[in-house]
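Novice: Supplied in structure tokens, the structure appears directly below.
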Amino acid sequence: MPLINVQLFEGRSTEIKRELAQALTAEACRVLGCGKDAVDIIFTDIKRSDWARAGELWSDK
């Protein structure tokens with residue numbers, strides 16, 4: 001049912017991603033009334049040089 005895309009700066013550990021996946025799954029199930037098998041989550045690691053805010057690369061901050 002739901003597909004949740006999470007984009008993060010690279011470097012987060014597998015343990016952190018696992019904990020976030022469990023929390024997002026639990027909350028999606030609570031709100032949507034679905035089973036956890038219906039929830040998919042995709043993590044995308046982004047380099048700081050590939051992300052900008054207000055015209056400035058995060059790698060330049």
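Identifiers in this document derive from the order of the structure tokens: chains are assigned A, B, ..., residues are numbered from 1 separately in each chain, and ligands are numbered from 1 in order of occurrence.
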Using only C-alpha atoms, which protein or nucleic acid residues come within 9 Å of Asn5 of chain A? Drop anything in the same chain fewer than 4 positions from it, and give the result as a PDB file with N, CA, C and O atoms, in the first residue's frame.
Specialist:
ATOM      1  N   ASP A  40       6.215  -0.318   2.407  1.00  0.00           N
ATOM      2  CA  ASP A  40       7.561  -0.371   1.824  1.00  0.00           C
ATOM      3  C   ASP A  40       8.253   0.956   2.098  1.00  0.00           C
ATOM      4  O   ASP A  40       7.629   2.023   2.033  1.00  0.00           O
ATOM      5  N   ILE A  41       9.551   0.881   2.386  1.00  0.00           N
ATOM      6  CA  ILE A  41      10.351   2.078   2.639  1.00  0.00           C
ATOM      7  C   ILE A  41      11.622   1.971   1.814  1.00  0.00           C
ATOM      8  O   ILE A  41      12.289   0.929   1.819  1.00  0.00           O
ATOM      9  N   ILE A  42      11.944   3.048   1.115  1.00  0.00           N
ATOM     10  CA  ILE A  42      13.179   3.119   0.346  1.00  0.00           C
ATOM     11  C   ILE A  42      14.049   4.220   0.934  1.00  0.00           C
ATOM     12  O   ILE A  42      13.612   5.365   1.050  1.00  0.00           O
ATOM     13  N   PHE A  43      15.265   3.856   1.323  1.00  0.00           N
ATOM     14  CA  PHE A  43      16.235   4.839   1.803  1.00  0.00           C
ATOM     15  C   PHE A  43      17.173   5.189   0.657  1.00  0.00           C
ATOM     16  O   PHE A  43      17.698   4.303  -0.023  1.00  0.00           O
ATOM     17  N   THR A  44      17.397   6.481   0.459  1.00  0.00           N
ATOM     18  CA  THR A  44      18.336   6.954  -0.541  1.00  0.00           C
ATOM     19  C   THR A  44      19.367   7.824   0.164  1.00  0.00           C
ATOM     20  O   THR A  44      19.016   8.828   0.786  1.00  0.00           O
TER      21      THR A  44
END
Novice: Residues near segment 20-37 of chain A, anyone? I mean within 12 Å using only C-alpha atoms, not counting same-chain ones fewer than 2 positions away, as a PDB file with all heavy atoms, in the first residue's frame.
Specialist:
ATOM      1  N   MET A   1       0.831  -1.176   0.000  1.00  0.00           N
ATOM      2  CA  MET A   1       0.000   0.000   0.000  1.00  0.00           C
ATOM      3  C   MET A   1       0.879   1.244   0.000  1.00  0.00           C
ATOM      4  O   MET A   1       1.223   1.720  -1.043  1.00  0.00           O
ATOM      5  CB  MET A   1      -0.970  -0.034   1.179  1.00  0.00           C
ATOM      6  CG  MET A   1      -1.955   1.105   1.186  1.00  0.00           C
ATOM      7  SD  MET A   1      -2.683   1.269   2.811  1.00  0.00           S
ATOM      8  CE  MET A   1      -4.371   1.104   2.468  1.00  0.00           C
ATOM      9  N   PRO A   2       1.327   1.747   1.149  1.00  0.00           N
ATOM     10  CA  PRO A   2       2.163   2.945   1.077  1.00  0.00           C
ATOM     11  C   PRO A   2       3.617   2.608   0.746  1.00  0.00           C
ATOM     12  O   PRO A   2       4.145   1.583   1.182  1.00  0.00           O
ATOM     13  CB  PRO A   2       2.060   3.554   2.471  1.00  0.00           C
ATOM     14  CG  PRO A   2       1.783   2.411   3.365  1.00  0.00           C
ATOM     15  CD  PRO A   2       0.965   1.444   2.535  1.00  0.00           C
ATOM     16  N   LEU A   3       4.215   3.494  -0.035  1.00  0.00           N
ATOM     17  CA  LEU A   3       5.648   3.453  -0.305  1.00  0.00           C
ATOM     18  C   LEU A   3       6.209   4.750   0.242  1.00  0.00           C
ATOM     19  O   LEU A   3       5.803   5.834  -0.189  1.00  0.00           O
ATOM     20  CB  LEU A   3       5.932   3.339  -1.800  1.00  0.00           C
ATOM     21  CG  LEU A   3       7.381   3.551  -2.238  1.00  0.00           C
ATOM     22  CD1 LEU A   3       8.298   2.520  -1.605  1.00  0.00           C
ATOM     23  CD2 LEU A   3       7.493   3.520  -3.740  1.00  0.00           C
ATOM     24  N   ILE A   4       7.108   4.655   1.198  1.00  0.00           N
ATOM     25  CA  ILE A   4       7.693   5.823   1.842  1.00  0.00           C
ATOM     26  C   ILE A   4       9.127   5.969   1.355  1.00  0.00           C
ATOM     27  O   ILE A   4       9.935   5.052   1.507  1.00  0.00           O
ATOM     28  CB  ILE A   4       7.661   5.677   3.381  1.00  0.00           C
ATOM     29  CG1 ILE A   4       6.215   5.505   3.859  1.00  0.00           C
ATOM     30  CG2 ILE A   4       8.325   6.881   4.040  1.00  0.00           C
ATOM     31  CD1 ILE A   4       6.091   5.125   5.325  1.00  0.00           C
ATOM     32  N   ASN A   5       9.432   7.121   0.763  1.00  0.00           N
ATOM     33  CA  ASN A   5      10.786   7.417   0.313  1.00  0.00           C
ATOM     34  C   ASN A   5      11.452   8.336   1.318  1.00  0.00           C
ATOM     35  O   ASN A   5      10.910   9.391   1.646  1.00  0.00           O
ATOM     36  CB  ASN A   5      10.760   8.116  -1.059  1.00  0.00           C
ATOM     37  CG  ASN A   5      10.441   7.155  -2.168  1.00  0.00           C
ATOM     38  OD1 ASN A   5      11.245   6.302  -2.482  1.00  0.00           O
ATOM     39  ND2 ASN A   5       9.262   7.280  -2.740  1.00  0.00           N
ATOM     40  N   VAL A   6      12.631   7.931   1.790  1.00  0.00           N
ATOM     41  CA  VAL A   6      13.376   8.709   2.767  1.00  0.00           C
ATOM     42  C   VAL A   6      14.725   9.045   2.160  1.00  0.00           C
ATOM     43  O   VAL A   6      15.496   8.150   1.810  1.00  0.00           O
ATOM     44  CB  VAL A   6      13.570   7.920   4.083  1.00  0.00           C
ATOM     45  CG1 VAL A   6      14.366   8.744   5.086  1.00  0.00           C
ATOM     46  CG2 VAL A   6      12.227   7.503   4.661  1.00  0.00           C
ATOM     47  N   LEU A   8      18.279  10.929   2.851  1.00  0.00           N
ATOM     48  CA  LEU A   8      19.118  11.364   3.966  1.00  0.00           C
ATOM     49  C   LEU A   8      20.526  11.642   3.468  1.00  0.00           C
ATOM     50  O   LEU A   8      20.975  11.060   2.478  1.00  0.00           O
ATOM     51  CB  LEU A   8      19.225  10.256   5.025  1.00  0.00           C
ATOM     52  CG  LEU A   8      17.953   9.729   5.654  1.00  0.00           C
ATOM     53  CD1 LEU A   8      18.231   8.398   6.351  1.00  0.00           C
ATOM     54  CD2 LEU A   8      17.428  10.731   6.644  1.00  0.00           C
ATOM     55  N   ARG A  12      24.465   7.523   7.585  1.00  0.00           N
ATOM     56  CA  ARG A  12      23.662   6.958   8.666  1.00  0.00           C
ATOM     57  C   ARG A  12      23.909   5.453   8.726  1.00  0.00           C
ATOM     58  O   ARG A  12      24.036   4.786   7.706  1.00  0.00           O
ATOM     59  CB  ARG A  12      22.174   7.197   8.448  1.00  0.00           C
ATOM     60  CG  ARG A  12      21.721   8.640   8.387  1.00  0.00           C
ATOM     61  CD  ARG A  12      22.037   9.405   9.644  1.00  0.00           C
ATOM     62  NE  ARG A  12      21.326  10.620   9.921  1.00  0.00           N
ATOM     63  CZ  ARG A  12      21.136  11.659   9.130  1.00  0.00           C
ATOM     64  NH1 ARG A  12      21.527  11.633   7.893  1.00  0.00           N
ATOM     65  NH2 ARG A  12      20.516  12.728   9.569  1.00  0.00           N
ATOM     66  N   SER A  13      23.966   4.923   9.911  1.00  0.00           N
ATOM     67  CA  SER A  13      24.239   3.489  10.089  1.00  0.00           C
ATOM     68  C   SER A  13      23.006   2.656   9.746  1.00  0.00           C
ATOM     69  O   SER A  13      21.876   3.152   9.733  1.00  0.00           O
ATOM     70  CB  SER A  13      24.649   3.211  11.537  1.00  0.00           C
ATOM     71  OG  SER A  13      23.541   3.407  12.406  1.00  0.00           O
ATOM     72  N   THR A  14      23.253   1.380   9.514  1.00  0.00           N
ATOM     73  CA  THR A  14      22.162   0.437   9.275  1.00  0.00           C
ATOM     74  C   THR A  14      21.238   0.379  10.481  1.00  0.00           C
ATOM     75  O   THR A  14      20.020   0.286  10.325  1.00  0.00           O
ATOM     76  CB  THR A  14      22.731  -0.967   8.967  1.00  0.00           C
ATOM     77  OG1 THR A  14      23.549  -0.877   7.799  1.00  0.00           O
ATOM     78  CG2 THR A  14      21.632  -1.983   8.749  1.00  0.00           C
ATOM     79  N   GLU A  15      21.796   0.463  11.671  1.00  0.00           N
ATOM     80  CA  GLU A  15      20.985   0.423  12.890  1.00  0.00           C
ATOM     81  C   GLU A  15      20.020   1.605  12.948  1.00  0.00           C
ATOM     82  O   GLU A  15      18.852   1.444  13.328  1.00  0.00           O
ATOM     83  CB  GLU A  15      21.870   0.396  14.138  1.00  0.00           C
ATOM     84  CG  GLU A  15      22.677  -0.877  14.302  1.00  0.00           C
ATOM     85  CD  GLU A  15      23.911  -0.951  13.401  1.00  0.00           C
ATOM     86  OE1 GLU A  15      24.407   0.117  12.942  1.00  0.00           O
ATOM     87  OE2 GLU A  15      24.371  -2.066  13.126  1.00  0.00           O
ATOM     88  N   ILE A  16      20.485   2.792  12.583  1.00  0.00           N
ATOM     89  CA  ILE A  16      19.630   3.987  12.576  1.00  0.00           C
ATOM     90  C   ILE A  16      18.527   3.827  11.543  1.00  0.00           C
ATOM     91  O   ILE A  16      17.353   4.134  11.801  1.00  0.00           O
ATOM     92  CB  ILE A  16      20.467   5.253  12.284  1.00  0.00           C
ATOM     93  CG1 ILE A  16      21.409   5.557  13.443  1.00  0.00           C
ATOM     94  CG2 ILE A  16      19.570   6.455  11.988  1.00  0.00           C
ATOM     95  CD1 ILE A  16      20.730   5.969  14.728  1.00  0.00           C
ATOM     96  N   LYS A  17      18.870   3.348  10.362  1.00  0.00           N
ATOM     97  CA  LYS A  17      17.863   3.151   9.313  1.00  0.00           C
ATOM     98  C   LYS A  17      16.842   2.093   9.734  1.00  0.00           C
ATOM     99  O   LYS A  17      15.650   2.230   9.478  1.00  0.00           O
ATOM    100  CB  LYS A  17      18.529   2.761   7.994  1.00  0.00           C
ATOM    101  CG  LYS A  17      19.308   3.894   7.365  1.00  0.00           C
ATOM    102  CD  LYS A  17      19.968   3.435   6.087  1.00  0.00           C
ATOM    103  CE  LYS A  17      20.832   4.509   5.479  1.00  0.00           C
ATOM    104  NZ  LYS A  17      21.503   4.048   4.269  1.00  0.00           N
ATOM    105  N   ARG A  18      17.315   1.049  10.393  1.00  0.00           N
ATOM    106  CA  ARG A  18      16.412   0.002  10.882  1.00  0.00           C
ATOM    107  C   ARG A  18      15.418   0.576  11.886  1.00  0.00           C
ATOM    108  O   ARG A  18      14.213   0.325  11.825  1.00  0.00           O
ATOM    109  CB  ARG A  18      17.217  -1.134  11.507  1.00  0.00           C
ATOM    110  CG  ARG A  18      16.362  -2.306  11.962  1.00  0.00           C
ATOM    111  CD  ARG A  18      17.213  -3.448  12.515  1.00  0.00           C
ATOM    112  NE  ARG A  18      18.013  -4.055  11.457  1.00  0.00           N
ATOM    113  CZ  ARG A  18      19.350  -4.020  11.395  1.00  0.00           C
ATOM    114  NH1 ARG A  18      20.048  -3.431  12.342  1.00  0.00           N
ATOM    115  NH2 ARG A  18      19.986  -4.595  10.397  1.00  0.00           N
ATOM    116  N   VAL A  39       3.673  -2.012   4.021  1.00  0.00           N
ATOM    117  CA  VAL A  39       4.479  -0.797   4.027  1.00  0.00           C
ATOM    118  C   VAL A  39       5.866  -1.068   3.443  1.00  0.00           C
ATOM    119  O   VAL A  39       6.597  -1.935   3.927  1.00  0.00           O
ATOM    120  CB  VAL A  39       4.624  -0.241   5.468  1.00  0.00           C
ATOM    121  CG1 VAL A  39       5.465   1.030   5.474  1.00  0.00           C
ATOM    122  CG2 VAL A  39       3.250   0.012   6.085  1.00  0.00           C
ATOM    123  N   ASP A  40       6.215  -0.318   2.407  1.00  0.00           N
ATOM    124  CA  ASP A  40       7.561  -0.371   1.824  1.00  0.00           C
ATOM    125  C   ASP A  40       8.253   0.956   2.098  1.00  0.00           C
ATOM    126  O   ASP A  40       7.629   2.023   2.033  1.00  0.00           O
ATOM    127  CB  ASP A  40       7.504  -0.591   0.312  1.00  0.00           C
ATOM    128  CG  ASP A  40       7.070  -1.995  -0.052  1.00  0.00           C
ATOM    129  OD1 ASP A  40       7.533  -2.946   0.591  1.00  0.00           O
ATOM    130  OD2 ASP A  40       6.261  -2.140  -0.979  1.00  0.00           O
ATOM    131  N   ILE A  41       9.551   0.881   2.386  1.00  0.00           N
ATOM    132  CA  ILE A  41      10.351   2.078   2.639  1.00  0.00           C
ATOM    133  C   ILE A  41      11.622   1.971   1.814  1.00  0.00           C
ATOM    134  O   ILE A  41      12.289   0.929   1.819  1.00  0.00           O
ATOM    135  CB  ILE A  41      10.694   2.215   4.134  1.00  0.00           C
ATOM    136  CG1 ILE A  41       9.416   2.311   4.960  1.00  0.00           C
ATOM    137  CG2 ILE A  41      11.588   3.432   4.376  1.00  0.00           C
ATOM    138  CD1 ILE A  41       9.629   2.269   6.452  1.00  0.00           C
ATOM    139  N   ILE A  42      11.944   3.048   1.115  1.00  0.00           N
ATOM    140  CA  ILE A  42      13.179   3.119   0.346  1.00  0.00           C
ATOM    141  C   ILE A  42      14.049   4.220   0.934  1.00  0.00           C
ATOM    142  O   ILE A  42      13.612   5.365   1.050  1.00  0.00           O
ATOM    143  CB  ILE A  42      12.902   3.425  -1.145  1.00  0.00           C
ATOM    144  CG1 ILE A  42      12.081   2.309  -1.767  1.00  0.00           C
ATOM    145  CG2 ILE A  42      14.216   3.637  -1.898  1.00  0.00           C
ATOM    146  CD1 ILE A  42      11.626   2.607  -3.187  1.00  0.00           C
ATOM    147  N   PHE A  43      15.265   3.856   1.323  1.00  0.00           N
ATOM    148  CA  PHE A  43      16.235   4.839   1.803  1.00  0.00           C
ATOM    149  C   PHE A  43      17.173   5.189   0.657  1.00  0.00           C
ATOM    150  O   PHE A  43      17.698   4.303  -0.023  1.00  0.00           O
ATOM    151  CB  PHE A  43      17.060   4.270   2.966  1.00  0.00           C
ATOM    152  CG  PHE A  43      16.282   4.123   4.235  1.00  0.00           C
ATOM    153  CD1 PHE A  43      15.792   2.885   4.623  1.00  0.00           C
ATOM    154  CD2 PHE A  43      16.041   5.211   5.050  1.00  0.00           C
ATOM    155  CE1 PHE A  43      15.075   2.741   5.799  1.00  0.00           C
ATOM    156  CE2 PHE A  43      15.319   5.078   6.228  1.00  0.00           C
ATOM    157  CZ  PHE A  43      14.834   3.838   6.593  1.00  0.00           C
TER     158      PHE A  43
END
Novice: Could you give me the residues within chain A that DSSP places in helix (DSSP H, G or I), as a PyMOL selection string?
Specialist: chain A and resi 14-32+36-38+48-50+58-60
Novice: What is the atom CA of Trp51 of chain A-atom CA of Phe9 of chain A distance in Å, reported with one decimal?
Specialist: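 Distance between the two atoms: 8.5 Å.
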Novice: Per DSSP on the backbone, what are the strand (DSSP E or B) residues of chain A, as an NGL selection string?
Specialist: :A and (3-9 or 40-46 or 52-53 or 56-57)
Novice: Please measure the separation of atom CA of Ala52 of chain A and atom CA of Gly11 of chain A, giving the value in Å to one decimal.
Specialist: 17.4 Å
Novice: If we count only C-alpha atoms, what is near Ser49 of chain A at a cut-off of 8 Å, once residues fewer than 5 positions away on the same chain are taken out, given as a ChimeraX atom specification?
Specialist: /A:57-60
